[in-house]
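*Asks:* Sharing model.cif, mmCIF, C-alpha atoms:
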```
data_start
loop_
_atom_site.label_atom_id
_atom_site.label_comp_id
_atom_site.auth_asym_id
_atom_site.auth_seq_id
_atom_site.Cartn_x
_atom_site.Cartn_y
_atom_site.Cartn_z
CA MET S 1019 -3.91 -29.84 14.78
CA ASN S 1020 -0.37 -28.72 13.92
CA LEU S 1021 1.77 -26.77 16.34
CA ILE S 1022 1.66 -23.66 14.18
CA GLN S 1023 -2.14 -23.43 14.09
CA PRO S 1024 -2.65 -22.40 17.74
CA LEU S 1025 0.24 -19.96 17.42
CA LEU S 1026 -1.33 -18.36 14.35
CA VAL S 1027 -4.78 -18.18 15.96
CA ILE S 1028 -3.30 -16.57 19.08
CA SER S 1029 -1.41 -14.10 16.88
CA ILE S 1030 -4.60 -13.16 15.02
CA LEU S 1031 -6.46 -12.70 18.31
CA ILE S 1032 -3.68 -10.46 19.66
CA ILE S 1033 -3.77 -8.36 16.49
CA SER S 1034 -7.55 -8.07 16.84
CA ALA S 1035 -7.29 -6.95 20.45
CA LEU S 1036 -4.57 -4.41 19.62
CA TYR S 1037 -6.60 -3.00 16.75
CA LEU S 1038 -9.74 -2.63 18.83
CA ALA S 1039 -7.87 -1.14 21.80
CA ARG S 1040 -5.56 1.27 19.94
CA PHE S 1041 -7.49 2.54 16.93
CA ARG S 1042 -10.66 4.53 17.06
CA SER S 1043 -12.48 3.68 13.89
CA ARG S 1044 -15.95 3.63 12.52
CA ILE S 1045 -18.07 0.57 13.24
CA PHE S 1046 -18.03 -0.35 9.54
CA ASP S 1047 -14.21 -0.41 9.53
CA ARG S 1048 -14.18 -2.55 12.66
CA LEU S 1049 -16.60 -5.03 11.10
CA ILE S 1050 -14.43 -5.34 8.00
CA ILE S 1051 -11.27 -5.89 10.05
CA LEU S 1052 -12.96 -8.42 12.34
CA THR S 1053 -14.39 -10.27 9.32
CA ILE S 1054 -10.94 -10.49 7.73
CA LEU S 1055 -9.41 -11.71 10.99
CA ALA S 1056 -12.19 -14.26 11.53
CA THR S 1057 -11.65 -15.52 7.98
CA GLY S 1058 -7.95 -15.85 8.79
CA ILE S 1059 -8.76 -17.96 11.84
CA VAL S 1060 -11.07 -20.21 9.78
CA PHE S 1061 -8.37 -20.66 7.11
CA VAL S 1062 -5.77 -21.47 9.78
CA CYS S 1063 -8.03 -24.04 11.44
CA PHE S 1064 -9.21 -25.56 8.14
CA PRO S 1065 -6.34 -25.21 5.64
CA ASP S 1066 -7.96 -27.56 3.11
CA LEU S 1067 -10.78 -25.05 2.75
CA THR S 1068 -8.48 -22.63 0.94
CA SER S 1069 -7.58 -25.32 -1.59
CA ARG S 1070 -11.24 -26.12 -2.23
CA ILE S 1071 -12.07 -22.45 -2.72
CA ALA S 1072 -9.02 -22.02 -4.97
CA ASN S 1073 -10.11 -24.93 -7.13
CA LEU S 1074 -13.60 -23.43 -7.44
CA VAL S 1075 -12.18 -20.16 -8.79
CA GLY S 1076 -9.65 -21.86 -11.07
CA VAL S 1077 -6.44 -21.53 -9.02
CA GLY S 1078 -4.34 -24.63 -8.42
CA ARG S 1079 -3.50 -24.24 -4.73
CA GLY S 1080 -5.00 -22.40 -1.79
CA THR S 1081 -1.64 -20.85 -0.98
CA ASP S 1082 -1.45 -19.32 -4.45
CA MET S 1083 -4.98 -17.94 -4.14
CA LEU S 1084 -4.16 -16.32 -0.80
CA LEU S 1085 -1.02 -14.79 -2.29
CA TYR S 1086 -2.99 -13.31 -5.20
CA VAL S 1087 -5.65 -11.90 -2.89
CA SER S 1088 -2.95 -10.49 -0.60
CA LEU S 1089 -1.15 -8.79 -3.48
CA VAL S 1090 -4.33 -7.12 -4.68
CA SER S 1091 -5.19 -6.09 -1.11
CA VAL S 1092 -1.76 -4.58 -0.49
CA GLY S 1093 -1.97 -2.69 -3.78
CA PHE S 1094 -5.36 -1.30 -2.77
CA LEU S 1095 -4.04 -0.26 0.64
CA LEU S 1096 -1.05 1.49 -0.93
CA VAL S 1097 -3.35 3.54 -3.14
CA VAL S 1098 -5.60 4.43 -0.18
CA PHE S 1099 -2.63 5.42 2.01
CA TYR S 1100 -1.07 7.47 -0.79
CA ALA S 1101 -4.36 9.35 -1.30
CA LYS S 1102 -4.65 10.00 2.44
CA ILE S 1103 -1.07 11.25 2.74
CA ARG S 1104 -1.55 13.52 -0.26
CA GLU S 1105 -4.78 14.91 1.23
CA MET S 1106 -3.05 15.57 4.57
CA SER S 1107 -0.17 17.30 2.79
CA GLN S 1108 -2.56 19.58 0.94
CA THR S 1109 -4.39 20.37 4.20
CA ILE S 1110 -1.12 21.27 5.94
CA THR S 1111 -0.14 23.50 3.02
CA ARG S 1112 -3.51 25.28 3.08
CA LEU S 1113 -3.40 25.79 6.85
CA THR S 1114 0.16 27.11 6.70
CA ARG S 1115 -0.79 29.61 4.00
CA GLU S 1116 -3.84 30.76 5.95
CA ASP S 1117 -1.77 31.22 9.11
CA THR S 1118 0.92 33.13 7.25
CA LEU S 1119 -1.65 35.47 5.67
CA ARG S 1120 -3.36 35.98 9.03
CA GLN S 1121 -0.06 36.84 10.71
CA ALA S 1122 0.87 39.19 7.85
CA ARG S 1123 -2.43 41.07 8.22
CA LYS S 1124 -1.80 41.51 11.94
CA GLY S 1125 1.70 42.75 11.29
CA GLY S 1126 3.11 40.18 13.65
CA LYS S 1127 5.52 37.36 13.19
CA SER S 1128 4.38 33.79 12.69
CA ILE S 1129 5.70 31.29 15.17
CA CYS S 1130 6.94 28.29 13.22
CA ILE S 1131 9.01 25.41 14.49
#
```
Could you rewrite the structure in this file as structure tokens?

*Replies:*
Amino acid sequence: MNLIQPLLVISILIISALYLARFRSRIFDRLIILTILATGIVFVCFPDLTSRIANLVGVGRGTDMLLYVSLVSVGFLLVVFYAKIREMSQTITRLTREDTLRQARKGGKSICI
């Protein structure tokens, strides 16, 4: 076992613990995250496995395969985050309009910071 392998496994375990402790998420989300992290630990402990899988799918090296999968995953996450931010922005706009109309009907001033 190389020196970096235990360091990477410990890092993955710390990330897992932080995720579970800090973020309240649905059980399905937690299972996905834990599956990804467990896969990371397996790939760290058995690096030749990535090369074998890469060869099965027609990619030359395991490192290249992981890069391709990571790029697609990051692209997917960017789209999901963009959609979420846009949804939150629309919600804030709607709530602000409703509050302004409510305050105008009362004849009072809206308190905005």

*Asks:* Applied to the shown file, which residues does the PyMOL selection byres ((chain S and resi 1023) around 12) return, written as a short mmCIF file (atom, residue, chain, number, x, y, z; two decimals) with C-alpha atoms, keeping the file's coordinate frame?

*Replies:*
```cif
data_model
loop_
_atom_site.label_atom_id
_atom_site.label_comp_id
_atom_site.auth_asym_id
_atom_site.auth_seq_id
_atom_site.Cartn_x
_atom_site.Cartn_y
_atom_site.Cartn_z
CA MET S 1019 -3.91 -29.84 14.78
CA ASN S 1020 -0.37 -28.72 13.92
CA LEU S 1021 1.77 -26.77 16.34
CA ILE S 1022 1.66 -23.66 14.18
CA PRO S 1024 -2.65 -22.40 17.74
CA LEU S 1025 0.24 -19.96 17.42
CA LEU S 1026 -1.33 -18.36 14.35
CA VAL S 1027 -4.78 -18.18 15.96
CA ILE S 1028 -3.30 -16.57 19.08
CA SER S 1029 -1.41 -14.10 16.88
CA ILE S 1030 -4.60 -13.16 15.02
CA GLY S 1058 -7.95 -15.85 8.79
CA ILE S 1059 -8.76 -17.96 11.84
CA VAL S 1060 -11.07 -20.21 9.78
CA PHE S 1061 -8.37 -20.66 7.11
CA VAL S 1062 -5.77 -21.47 9.78
CA CYS S 1063 -8.03 -24.04 11.44
CA PHE S 1064 -9.21 -25.56 8.14
CA PRO S 1065 -6.34 -25.21 5.64
#
```

*Asks:* Could you check how far CA of Ile1045 (chain S) sits from CA of Thr1068 (chain S), in Å to one decimal?

*Replies:* 28.0 Å

*Asks:* Considering only C-alpha atoms, state which residue in the set S:Lys1124, S:Leu1031, S:Ser1069, S:Met1106 is at the smallest distance from Ala1056 (chain S).

*Replies:*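 Of S:Lys1124, S:Leu1031, S:Ser1069, S:Met1106, the one nearest Ala1056 (chain S) is S:Leu1031, counting only C-alpha atoms.
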